[in-house]
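Structure file data14.txt with compact mmCIF, C-alpha atoms:
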```
# COMPACT_ATOMS: atom_id res chain seq x y z
CA MET A 1 150.07 131.51 89.81
CA ASP A 2 146.64 133.14 89.88
CA LYS A 3 145.94 136.50 91.48
CA ALA A 4 144.27 135.08 94.60
CA GLU A 5 147.21 132.80 95.29
CA LEU A 6 149.70 135.63 94.71
CA ALA A 7 147.75 137.87 97.09
CA ARG A 8 147.69 135.15 99.75
CA GLU A 9 151.44 134.55 99.46
CA LEU A 10 152.25 138.26 99.56
CA ALA A 11 150.02 138.71 102.61
CA GLU A 12 151.81 135.83 104.36
CA GLU A 13 155.22 137.24 103.55
CA ILE A 14 154.27 140.75 104.71
CA SER A 15 152.75 139.36 107.88
CA LYS A 16 155.94 137.36 108.58
CA ARG A 17 158.11 140.42 108.04
CA LEU A 18 155.98 142.57 110.34
CA ARG A 19 156.10 139.87 113.03
CA ARG A 20 159.87 139.64 112.68
CA SER A 21 160.42 143.36 112.79
CA ARG A 22 158.60 143.62 116.13
CA THR A 23 160.70 140.88 117.75
CA ARG A 24 163.27 142.15 120.20
CA VAL A 25 166.37 140.04 119.50
CA PRO A 26 168.76 140.28 122.46
CA ILE A 27 172.40 140.98 121.57
CA GLY A 28 175.20 138.86 122.99
CA VAL A 29 178.61 140.49 122.65
CA SER A 30 181.35 137.89 122.25
CA ASN A 31 184.68 138.83 123.71
CA ARG A 32 187.71 137.02 122.34
CA HIS A 33 187.57 133.41 123.45
CA ALA A 34 188.75 129.93 122.60
CA HIS A 35 187.06 126.57 122.22
CA ILE A 36 189.63 123.86 122.78
CA THR A 37 190.20 120.15 122.33
CA GLN A 38 190.87 118.05 125.41
CA ALA A 39 194.30 117.13 124.00
CA HIS A 40 195.34 120.79 123.54
CA PHE A 41 193.94 121.62 126.98
CA GLU A 42 196.03 118.91 128.61
CA THR A 43 199.16 120.13 126.82
CA LEU A 44 198.56 123.63 128.19
CA PHE A 45 197.26 122.75 131.68
CA GLY A 46 198.70 119.28 132.36
CA LYS A 47 197.63 115.68 131.83
CA GLY A 48 194.25 114.99 133.46
CA ALA A 49 193.55 118.69 134.18
CA ALA A 50 189.87 119.72 134.07
CA LEU A 51 188.24 122.76 132.46
CA THR A 52 186.25 124.21 135.38
CA LYS A 53 183.09 126.29 135.14
CA PHE A 54 183.25 130.04 135.76
CA LYS A 55 179.66 130.63 134.61
CA ASP A 56 176.99 129.32 132.31
CA LEU A 57 176.57 131.06 128.96
CA SER A 58 173.24 132.05 127.44
CA GLN A 59 173.42 129.14 124.98
CA PRO A 60 172.24 125.93 126.71
CA GLY A 61 175.08 123.64 127.90
CA GLN A 62 177.86 126.09 127.04
CA PHE A 63 179.97 127.58 129.81
CA ALA A 64 182.85 129.99 130.33
CA GLY A 65 185.78 128.32 132.06
CA ASN A 66 187.93 129.71 134.84
CA GLU A 67 190.97 128.89 132.74
CA LYS A 68 192.59 131.41 130.40
CA ILE A 69 195.42 131.17 127.89
CA ASP A 70 197.70 133.54 126.02
CA ILE A 71 197.68 133.65 122.25
CA GLN A 72 200.68 134.70 120.19
CA GLY A 73 200.98 135.89 116.61
CA PRO A 74 203.98 137.10 114.60
CA LYS A 75 203.51 140.71 115.76
CA GLY A 76 202.14 140.49 119.29
CA ALA A 77 200.36 138.52 121.99
CA ILE A 78 197.02 138.76 123.73
CA LYS A 79 196.97 137.57 127.29
CA GLY A 80 194.11 136.06 129.25
CA VAL A 81 191.86 134.64 126.52
CA ARG A 82 189.07 132.77 128.26
CA LEU A 83 188.41 129.13 127.41
CA LEU A 84 184.83 128.01 126.81
CA GLY A 85 183.50 124.53 127.50
CA PRO A 86 182.67 121.82 126.85
CA PHE A 87 185.69 120.55 124.90
CA ARG A 88 185.33 120.52 121.11
CA PRO A 89 186.67 118.19 118.41
CA LYS A 90 188.73 121.09 116.99
CA THR A 91 190.37 124.06 118.68
CA GLN A 92 188.83 127.34 117.53
CA ILE A 93 189.96 130.80 118.61
CA GLU A 94 187.74 133.83 117.92
CA VAL A 95 189.08 137.37 118.08
CA SER A 96 188.00 140.76 116.77
CA TRP A 97 189.78 142.29 113.79
CA THR A 98 191.21 144.91 116.18
CA GLU A 99 192.80 142.06 118.15
CA ALA A 100 193.95 140.29 114.98
CA VAL A 101 195.88 143.48 114.11
CA VAL A 102 197.63 143.24 117.49
CA LEU A 103 198.57 139.62 116.74
CA GLY A 104 199.67 140.54 113.19
CA ILE A 105 197.37 137.96 111.61
CA GLN A 106 194.57 138.33 109.05
CA PRO A 107 192.14 135.55 109.90
CA PRO A 108 189.17 134.86 107.63
CA VAL A 109 185.53 135.61 108.56
CA ARG A 110 184.03 132.20 109.25
CA GLU A 111 181.11 130.43 110.82
CA SER A 112 181.86 128.41 113.92
CA GLY A 113 183.35 125.03 113.04
CA ASP A 114 184.38 126.04 109.50
CA LEU A 115 188.11 126.02 110.15
CA ALA A 116 189.73 124.60 107.01
CA GLY A 117 192.36 127.11 105.89
CA SER A 118 191.79 129.43 108.86
CA ALA A 119 194.77 131.13 110.48
CA ALA A 120 197.61 129.59 112.48
CA LEU A 121 198.76 130.84 115.88
CA LYS A 122 200.44 129.75 119.10
CA LEU A 123 198.61 129.06 122.36
CA ALA A 124 200.39 129.22 125.71
CA GLY A 125 199.19 127.92 129.05
CA PRO A 126 200.82 127.52 132.46
CA LEU A 127 202.33 124.10 131.64
CA GLY A 128 202.98 124.17 127.92
CA SER A 129 202.30 125.63 124.51
CA VAL A 130 200.74 124.45 121.26
CA GLU A 131 201.22 125.57 117.66
CA VAL A 132 197.76 125.48 116.09
CA ARG A 133 198.02 125.12 112.30
CA GLU A 134 194.49 126.36 111.68
CA GLY A 135 191.86 127.59 114.12
CA LEU A 136 191.91 131.40 114.37
CA ILE A 137 188.84 133.12 112.86
CA LEU A 138 186.82 136.31 112.91
CA ALA A 139 183.29 135.13 113.71
CA ARG A 140 180.70 135.63 111.01
CA ARG A 141 177.76 137.55 112.44
CA HIS A 142 175.04 135.12 113.36
CA LEU A 143 171.70 134.84 115.02
CA HIS A 144 170.98 131.79 117.16
CA CYS A 145 167.50 130.53 117.90
CA SER A 146 165.64 127.39 118.87
CA ALA A 147 163.32 125.62 116.43
CA ALA A 148 160.29 126.96 118.33
CA GLU A 149 161.62 130.53 118.16
CA ALA A 150 162.42 130.13 114.46
CA ALA A 151 158.85 128.98 113.79
CA ALA A 152 157.35 131.79 115.86
CA ILE A 153 159.42 134.53 114.21
CA GLY A 154 159.48 133.04 110.72
CA LEU A 155 163.19 132.24 110.37
CA SER A 156 164.87 129.22 108.84
CA ASN A 157 168.28 127.67 109.35
CA GLY A 158 170.90 129.14 107.01
CA GLU A 159 168.77 132.13 106.08
CA VAL A 160 170.65 135.41 105.80
CA VAL A 161 169.03 138.42 107.46
CA ARG A 162 169.87 142.03 108.32
CA LEU A 163 169.52 143.52 111.79
CA ARG A 164 169.26 147.06 113.07
CA VAL A 165 171.35 147.66 116.19
CA GLY A 166 171.51 150.75 118.40
CA ARG A 167 168.12 151.95 117.13
CA GLY A 168 167.71 155.64 117.91
CA GLY A 169 171.31 155.96 119.14
CA GLU A 170 174.22 157.97 117.80
CA ARG A 171 175.86 154.86 116.36
CA GLU A 172 172.80 153.18 114.87
CA THR A 173 173.94 150.51 112.42
CA VAL A 174 172.38 147.91 110.14
CA PHE A 175 174.34 144.67 109.99
CA GLU A 176 173.80 142.87 106.70
CA LYS A 177 174.58 139.22 105.98
CA THR A 178 173.78 137.79 109.37
CA VAL A 179 173.32 134.03 109.12
CA VAL A 180 170.54 132.32 111.08
CA ARG A 181 171.42 129.15 112.98
CA VAL A 182 168.50 127.13 114.31
CA SER A 183 169.11 124.41 116.91
CA ASP A 184 167.54 123.29 120.14
CA LYS A 185 170.96 123.86 121.68
CA PHE A 186 170.41 127.57 120.96
CA SER A 187 168.24 130.38 122.30
CA LEU A 188 167.38 133.63 120.56
CA GLU A 189 170.43 135.89 120.43
CA LEU A 190 172.36 137.98 117.92
CA HIS A 191 176.07 137.34 118.35
CA LEU A 192 178.37 140.25 117.56
CA ASP A 193 182.06 140.60 118.27
CA THR A 194 183.45 143.58 120.18
CA ASP A 195 184.30 145.55 117.01
CA GLU A 196 180.74 145.15 115.75
CA ALA A 197 179.07 145.90 119.09
CA ASN A 198 181.32 148.89 119.80
CA ALA A 199 180.82 150.27 116.30
CA ALA A 200 177.07 150.26 116.92
CA GLY A 201 177.23 151.44 120.54
CA ALA A 202 175.65 148.18 121.74
CA ARG A 203 176.08 146.09 124.86
CA THR A 204 175.02 142.56 125.78
CA GLY A 205 171.26 142.48 126.35
CA ASP A 206 170.50 145.46 124.11
CA PRO A 207 167.87 144.80 121.45
CA ALA A 208 168.39 144.23 117.74
CA TYR A 209 165.59 144.19 115.17
CA ILE A 210 165.39 142.18 111.95
CA VAL A 211 164.73 144.62 109.10
CA MET B 1 151.65 172.75 95.40
CA ASP B 2 150.25 171.74 92.03
CA LYS B 3 150.91 168.39 90.38
CA ALA B 4 153.47 169.68 87.89
CA GLU B 5 155.48 171.32 90.64
CA LEU B 6 155.28 168.20 92.81
CA ALA B 7 156.45 166.06 89.88
CA ARG B 8 159.37 168.40 89.23
CA GLU B 9 160.46 168.37 92.86
CA LEU B 10 160.17 164.60 93.12
CA ALA B 11 162.18 164.17 89.92
CA GLU B 12 164.89 166.46 91.28
CA GLU B 13 165.04 164.59 94.58
CA ILE B 14 165.17 161.20 92.85
CA SER B 15 167.84 162.42 90.47
CA LYS B 16 169.91 163.73 93.40
CA ARG B 17 169.60 160.42 95.24
CA LEU B 18 170.64 158.42 92.16
CA ARG B 19 173.65 160.71 91.64
CA ARG B 20 174.61 160.31 95.28
CA SER B 21 174.26 156.55 95.30
CA ARG B 22 176.69 156.22 92.37
CA THR B 23 179.37 158.33 94.05
CA ARG B 24 182.28 156.33 95.38
CA VAL B 25 183.06 157.90 98.75
CA PRO B 26 186.56 156.86 99.86
CA ILE B 27 186.85 155.66 103.44
CA GLY B 28 189.49 157.04 105.78
CA VAL B 29 190.04 154.88 108.85
CA SER B 30 191.08 156.97 111.84
CA ASN B 31 193.38 155.28 114.26
CA ARG B 32 193.48 156.65 117.78
CA HIS B 33 195.10 160.07 117.69
CA ALA B 34 195.34 163.35 119.53
CA HIS B 35 195.03 166.98 118.53
CA ILE B 36 196.90 169.09 121.03
CA THR B 37 197.35 172.67 122.17
CA GLN B 38 200.77 174.21 121.93
CA ALA B 39 200.81 174.66 125.73
CA HIS B 40 200.10 170.97 126.38
CA PHE B 41 202.65 169.97 123.74
CA GLU B 42 205.34 172.06 125.40
CA THR B 43 204.54 170.53 128.79
CA LEU B 44 204.98 167.05 127.31
CA PHE B 45 207.90 167.72 124.95
CA GLY B 46 209.64 170.75 126.44
CA LYS B 47 209.44 174.51 126.08
CA GLY B 48 209.92 175.59 122.47
CA ALA B 49 209.67 172.02 121.10
CA ALA B 50 208.14 171.70 117.62
CA LEU B 51 205.55 169.22 116.33
CA THR B 52 207.29 167.80 113.26
CA LYS B 53 205.63 166.36 110.16
CA PHE B 54 205.60 162.59 109.64
CA LYS B 55 203.22 162.80 106.67
CA ASP B 56 200.41 164.86 105.20
CA LEU B 57 196.87 163.64 105.82
CA SER B 58 194.15 163.48 103.18
CA GLN B 59 192.48 166.58 104.60
CA PRO B 60 194.24 169.71 103.28
CA GLY B 61 196.72 171.29 105.75
CA GLN B 62 196.42 168.50 108.32
CA PHE B 63 199.42 166.33 109.09
CA ALA B 64 200.46 163.39 111.25
CA GLY B 65 203.35 164.30 113.53
CA ASN B 66 206.39 162.20 114.32
CA GLU B 67 205.64 162.72 118.02
CA LYS B 68 203.58 160.26 120.04
CA ILE B 69 202.28 160.30 123.59
CA ASP B 70 200.91 157.80 126.08
CA ILE B 71 197.40 158.17 127.44
CA GLN B 72 196.34 156.85 130.83
CA GLY B 73 192.90 156.07 132.26
CA PRO B 74 191.87 154.60 135.61
CA LYS B 75 192.14 151.02 134.31
CA GLY B 76 194.96 151.04 131.78
CA ALA B 77 197.20 152.94 129.40
CA ILE B 78 197.62 153.12 125.64
CA LYS B 79 201.12 153.85 124.45
CA GLY B 80 202.19 155.57 121.27
CA VAL B 81 199.18 157.71 120.40
CA ARG B 82 200.16 159.83 117.40
CA LEU B 83 199.81 163.61 117.56
CA LEU B 84 198.25 165.41 114.60
CA GLY B 85 199.03 168.94 113.55
CA PRO B 86 198.65 171.82 113.37
CA PHE B 87 198.10 172.77 117.03
CA ARG B 88 194.49 173.32 118.08
CA PRO B 89 192.87 175.70 120.57
CA LYS B 90 191.75 172.67 122.64
CA THR B 91 193.34 169.28 123.18
CA GLN B 92 191.15 166.49 121.76
CA ILE B 93 191.92 162.78 121.98
CA GLU B 94 189.98 160.31 119.81
CA VAL B 95 189.96 156.58 120.56
CA SER B 96 187.77 153.64 119.61
CA TRP B 97 185.33 152.19 122.15
CA THR B 98 187.58 149.08 122.28
CA GLU B 99 190.44 151.33 123.38
CA ALA B 100 188.22 153.25 125.82
CA VAL B 101 187.50 149.89 127.52
CA VAL B 102 191.27 149.39 127.94
CA LEU B 103 191.54 152.85 129.52
CA GLY B 104 188.50 152.19 131.72
CA ILE B 105 186.70 155.32 130.50
CA GLN B 106 183.33 155.78 128.80
CA PRO B 107 183.78 158.83 126.60
CA PRO B 108 180.80 160.33 124.77
CA VAL B 109 180.27 160.12 120.98
CA ARG B 110 181.02 163.65 119.76
CA GLU B 111 181.79 165.69 116.72
CA SER B 112 185.28 167.13 116.53
CA GLY B 113 185.57 170.29 118.64
CA ASP B 114 182.47 169.55 120.76
CA LEU B 115 184.35 168.82 123.96
CA ALA B 116 182.25 170.31 126.79
CA GLY B 117 181.67 167.53 129.30
CA SER B 118 183.79 165.00 127.42
CA ALA B 119 186.01 162.59 129.36
CA ALA B 120 189.10 163.33 131.44
CA LEU B 121 192.40 161.50 131.10
CA LYS B 122 196.14 161.85 131.61
CA LEU B 123 198.64 162.46 128.82
CA ALA B 124 202.30 161.58 129.22
CA GLY B 125 205.23 162.63 127.05
CA PRO B 126 208.98 162.33 127.36
CA LEU B 127 209.38 165.49 129.47
CA GLY B 128 206.14 165.77 131.43
CA SER B 129 202.50 164.88 131.86
CA VAL B 130 199.17 166.71 131.76
CA GLU B 131 195.82 165.96 133.38
CA VAL B 132 193.21 166.88 130.75
CA ARG B 133 189.86 167.64 132.44
CA GLU B 134 187.88 167.15 129.25
CA GLY B 135 188.99 166.13 125.76
CA LEU B 136 188.57 162.37 125.26
CA ILE B 137 185.83 161.42 122.76
CA LEU B 138 184.62 158.68 120.48
CA ALA B 139 184.35 160.36 117.09
CA ARG B 140 180.91 160.68 115.63
CA ARG B 141 180.87 159.16 112.14
CA HIS B 142 181.25 161.89 109.61
CA LEU B 143 181.68 162.57 105.95
CA HIS B 144 183.95 165.41 104.89
CA CYS B 145 183.67 167.18 101.57
CA SER B 146 184.51 170.46 99.88
CA ALA B 147 181.78 172.91 98.86
CA ALA B 148 182.26 171.91 95.20
CA GLU B 149 181.92 168.21 96.04
CA ALA B 150 178.85 168.91 98.17
CA ALA B 151 177.22 170.75 95.28
CA ALA B 152 178.11 168.02 92.78
CA ILE B 153 176.80 165.19 94.96
CA GLY B 154 173.87 167.05 96.48
CA LEU B 155 174.95 167.22 100.12
CA SER B 156 174.66 170.05 102.60
CA ASN B 157 176.57 170.89 105.75
CA GLY B 158 175.04 169.28 108.83
CA GLU B 159 172.92 166.85 106.84
CA VAL B 160 172.72 163.34 108.28
CA VAL B 161 173.15 160.49 105.81
CA ARG B 162 173.57 156.72 105.81
CA LEU B 163 176.39 154.90 104.04
CA ARG B 164 176.84 151.33 102.89
CA VAL B 165 180.33 149.98 103.61
CA GLY B 166 181.87 146.66 102.55
CA ARG B 167 179.33 146.25 99.75
CA GLY B 168 179.23 142.64 98.63
CA GLY B 169 181.54 141.52 101.46
CA GLU B 170 180.91 139.20 104.40
CA ARG B 171 180.72 142.12 106.82
CA GLU B 172 178.60 144.49 104.74
CA THR B 173 177.22 147.20 107.00
CA VAL B 174 175.05 150.30 106.75
CA PHE B 175 176.17 153.12 109.00
CA GLU B 176 173.26 155.38 109.91
CA LYS B 177 173.52 158.90 111.35
CA THR B 178 176.63 160.02 109.57
CA VAL B 179 176.93 163.78 109.70
CA VAL B 180 178.10 165.72 106.63
CA ARG B 181 180.71 168.43 107.14
CA VAL B 182 181.32 170.77 104.22
CA SER B 183 184.40 172.97 104.18
CA ASP B 184 187.05 173.99 101.69
CA LYS B 185 189.53 172.60 104.21
CA PHE B 186 188.02 169.15 103.51
CA SER B 187 188.02 166.65 100.66
CA LEU B 188 185.53 163.85 100.09
CA GLU B 189 186.05 161.10 102.68
CA LEU B 190 184.00 159.03 105.12
CA HIS B 191 185.77 158.93 108.45
CA LEU B 192 185.30 155.78 110.51
CA ASP B 193 187.16 154.69 113.61
CA THR B 194 188.86 151.30 113.83
CA ASP B 195 185.87 149.61 115.52
CA GLU B 196 183.57 150.79 112.74
CA ALA B 197 185.95 149.95 109.89
CA ASN B 198 186.83 146.53 111.33
CA ALA B 199 183.17 145.71 111.99
CA ALA B 200 182.47 146.33 108.30
CA GLY B 201 185.65 144.70 106.98
CA ALA B 202 186.82 148.01 105.49
CA ARG B 203 190.21 149.60 105.01
CA THR B 204 191.35 153.11 104.13
CA GLY B 205 190.61 153.80 100.46
CA ASP B 206 187.75 151.30 100.21
CA PRO B 207 184.52 152.75 98.83
CA ALA B 208 181.37 153.66 100.74
CA TYR B 209 178.05 154.53 99.10
CA ILE B 210 175.36 156.92 100.34
CA VAL B 211 172.07 155.03 100.46
```

Structure re-expressed in structure tokens:
Amino acid sequence: MDKAELARELAEEISKRLRRSRTRVPIGVSNRHAHITQAHFETLFGKGAALTKFKDLSQPGQFAGNEKIDIQGPKGAIKGVRLLGPFRPKTQIEVSWTEAVVLGIQPPVRESGDLAGSAALKLAGPLGSVEVREGLILARRHLHCSAAEAAAIGLSNGEVVRLRVGRGGERETVFEKTVVRVSDKFSLELHLDTDEANAAGARTGDPAYIV
Amino acid sequence: MDKAELARELAEEISKRLRRSRTRVPIGVSNRHAHITQAHFETLFGKGAALTKFKDLSQPGQFAGNEKIDIQGPKGAIKGVRLLGPFRPKTQIEVSWTEAVVLGIQPPVRESGDLAGSAALKLAGPLGSVEVREGLILARRHLHCSAAEAAAIGLSNGEVVRLRVGRGGERETVFEKTVVRVSDKFSLELHLDTDEANAAGARTGDPAYIV
């Protein structure tokens, strides 16, 4: 590589990093929740029952349901875990580590959908219960964005970035190892669980900055 | 300042920072707990009752008591909050933000002992209850060390540092704005609450590194 080419590439990289660092990435705090299969839903809520919309979520097409379930581990239970829609091909329950301690389970840190070997637990609804052999995870920190946003900011799918949260506050924190997920089903948002958000003194809508 | 002096000072500063960054600072995860006055203790446990030792804590002279209390906020209660000894001149209750949400209270982030204007709550014990007008806080992240440790590592009382926690792990995190407290009543330890430790995937005894 000659000097001119090196200089051009460095200038591009620096320019990308400056552009990124000025982008206000909104934080979305994920409370404990469950994605569920239609079959599990019908076991818990009755044959032919429908998952009804409580409100739309920030990610296009995703919604929070009115329906809630209880989840049970060997040590304790957590009541009123909200179901998200639409139905998924596999049931996936996401809790914070603090909540996993209540359940008495040590789930792995995983990306959404990566459930092989994740933790077992019991789900209970008004009309039945289900033993889920794998499905409980701690969510890996991730940043969602659309393809257009990724291009504008200079991010690529699968890239691992670090974000500063709570800038200027008493609990300012830099979260390393945040995976970028690019899809036109997504819009720009840093997803943190309640342990992460609370540790950094952050609430939904607060800004994070790629550093 | 002449060049030789500048070079000497820079070399000293760099050397200090390298020494610091190699020091393995053990993490102590603080569960919710309460420090209590003798008067409050006697209201909750009876006149003349004694706070009895469950186990010594890592900080010299401090101990976890066998006695526990319940704490009550406007929205909910948390049962079984362990009392620490010895008695203090002011009652101070430390919870995580996750727990503060359960109570329905938004306590400030404070250093230990800085209680003016902190949050109110109700304490309940087996023989009585107390309305505490101020005393509930979220603990400000802090690093304890003895004077000898401070000198060896190059830290000073009141200094604000940043620490890397969960190095190499999936939840690696840098905690900014960690205040250093030097006292011969202390030994080297980074104190995090359960939200902070869980957000970073850390447990008591895991290492943190000043960065």

Item to check | Polymer residues at most 9 Å from Arg133 in chain A, only C-alpha atoms, same-chain spacing of 5 or more positions, as a PyMOL selection string | outcome: chain A and resi 117-122

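With all atoms listed in the file taken into account, the protein and nucleic acid residues at most 10 Å from Ile78 in chain B (excluding it and anything under 2 positions from it in its own chain) are Arg32, Ile69, Asp70, Ile71, Gln72, Gly73, Gly76, Gly80, Val81, Val95, Glu99, Ala100, Val102, Leu103 and Leu123 of chain B.
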
Next on the checklist: I need the contact residues of chain B against chain A, so if you could list those with any atom within 7 Å, counting all atoms listed in the file, and return them as a PyMOL selection string, that would help.
Outcome noted: chain B and resi 97-98+170-177+195-196+198-199

Can I get the selection written as a compact mmCIF listing (two decimals), in the coordinates of the input, with C-alpha atoms?
```txt
# COMPACT_ATOMS: atom_id res chain seq x y z
CA TRP B 97 185.33 152.19 122.15
CA THR B 98 187.58 149.08 122.28
CA GLU B 170 180.91 139.20 104.40
CA ARG B 171 180.72 142.12 106.82
CA GLU B 172 178.60 144.49 104.74
CA THR B 173 177.22 147.20 107.00
CA VAL B 174 175.05 150.30 106.75
CA PHE B 175 176.17 153.12 109.00
CA GLU B 176 173.26 155.38 109.91
CA LYS B 177 173.52 158.90 111.35
CA ASP B 195 185.87 149.61 115.52
CA GLU B 196 183.57 150.79 112.74
CA ASN B 198 186.83 146.53 111.33
CA ALA B 199 183.17 145.71 111.99
```

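CA of Ser30 in chain B is found 19.2 Å from CA of Val161 in chain B.
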
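The protein and nucleic acid residues lying at most 9 Å from range 41-53 of chain B are Ile36, Thr37, Gln38, Asp56, Phe63, Ala64, Gly65, Asn66, Glu67, Ile69, Leu83, Leu84, Gly85, Pro86, Phe87, Leu123, Ala124, Gly125, Pro126, Leu127, Gly128, Ser129 and Val130 of chain B, with all atoms listed in the file considered and sequence neighbours fewer than 3 positions away removed.
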
Checklist entry - In Å, how far is it from CA of Thr23 in chain B to CA of Ala150 in chain B? => result 11.4 Å

Please fill the gaps in range 133-148 of chain B so it has N, CA and C atoms, and write that as a CSV table (one decimal), in the coordinates of the input.
```
chain,number,residue,atom,x,y,z
B,133,ARG,N,191.2,167.8,131.8
B,133,ARG,CA,189.9,167.6,132.4
B,133,ARG,C,188.8,167.2,131.5
B,134,GLU,N,188.8,167.7,130.3
B,134,GLU,CA,187.9,167.2,129.2
B,134,GLU,C,188.6,167.2,127.9
B,135,GLY,N,188.3,166.2,127.1
B,135,GLY,CA,189.0,166.1,125.8
B,135,GLY,C,189.0,164.8,125.1
B,136,LEU,N,188.6,163.7,125.9
B,136,LEU,CA,188.6,162.4,125.3
B,136,LEU,C,187.2,162.1,124.7
B,137,ILE,N,187.1,161.7,123.4
B,137,ILE,CA,185.8,161.4,122.8
B,137,ILE,C,185.9,160.2,121.9
B,138,LEU,N,184.8,159.6,121.6
B,138,LEU,CA,184.6,158.7,120.5
B,138,LEU,C,184.1,159.6,119.3
B,139,ALA,N,184.7,159.5,118.2
B,139,ALA,CA,184.4,160.4,117.1
B,139,ALA,C,183.0,160.0,116.5
B,140,ARG,N,182.1,160.9,116.4
B,140,ARG,CA,180.9,160.7,115.6
B,140,ARG,C,181.3,160.5,114.2
B,141,ARG,N,180.6,159.4,113.6
B,141,ARG,CA,180.9,159.2,112.1
B,141,ARG,C,180.6,160.4,111.3
B,142,HIS,N,181.5,160.7,110.4
B,142,HIS,CA,181.2,161.9,109.6
B,142,HIS,C,181.8,161.7,108.2
B,143,LEU,N,181.3,162.5,107.3
B,143,LEU,CA,181.7,162.6,106.0
B,143,LEU,C,182.2,164.0,105.7
B,144,HIS,N,183.4,164.1,105.3
B,144,HIS,CA,184.0,165.4,104.9
B,144,HIS,C,183.8,165.6,103.4
B,145,CYS,N,183.6,166.8,103.0
B,145,CYS,CA,183.7,167.2,101.6
B,145,CYS,C,183.8,168.7,101.4
B,146,SER,N,184.4,169.0,100.2
B,146,SER,CA,184.5,170.5,99.9
B,146,SER,C,183.1,171.0,99.4
B,147,ALA,N,183.0,172.3,99.3
B,147,ALA,CA,181.8,172.9,98.9
B,147,ALA,C,181.5,172.5,97.4
B,148,ALA,N,182.5,172.3,96.6
B,148,ALA,CA,182.3,171.9,95.2
B,148,ALA,C,181.8,170.5,95.2
```
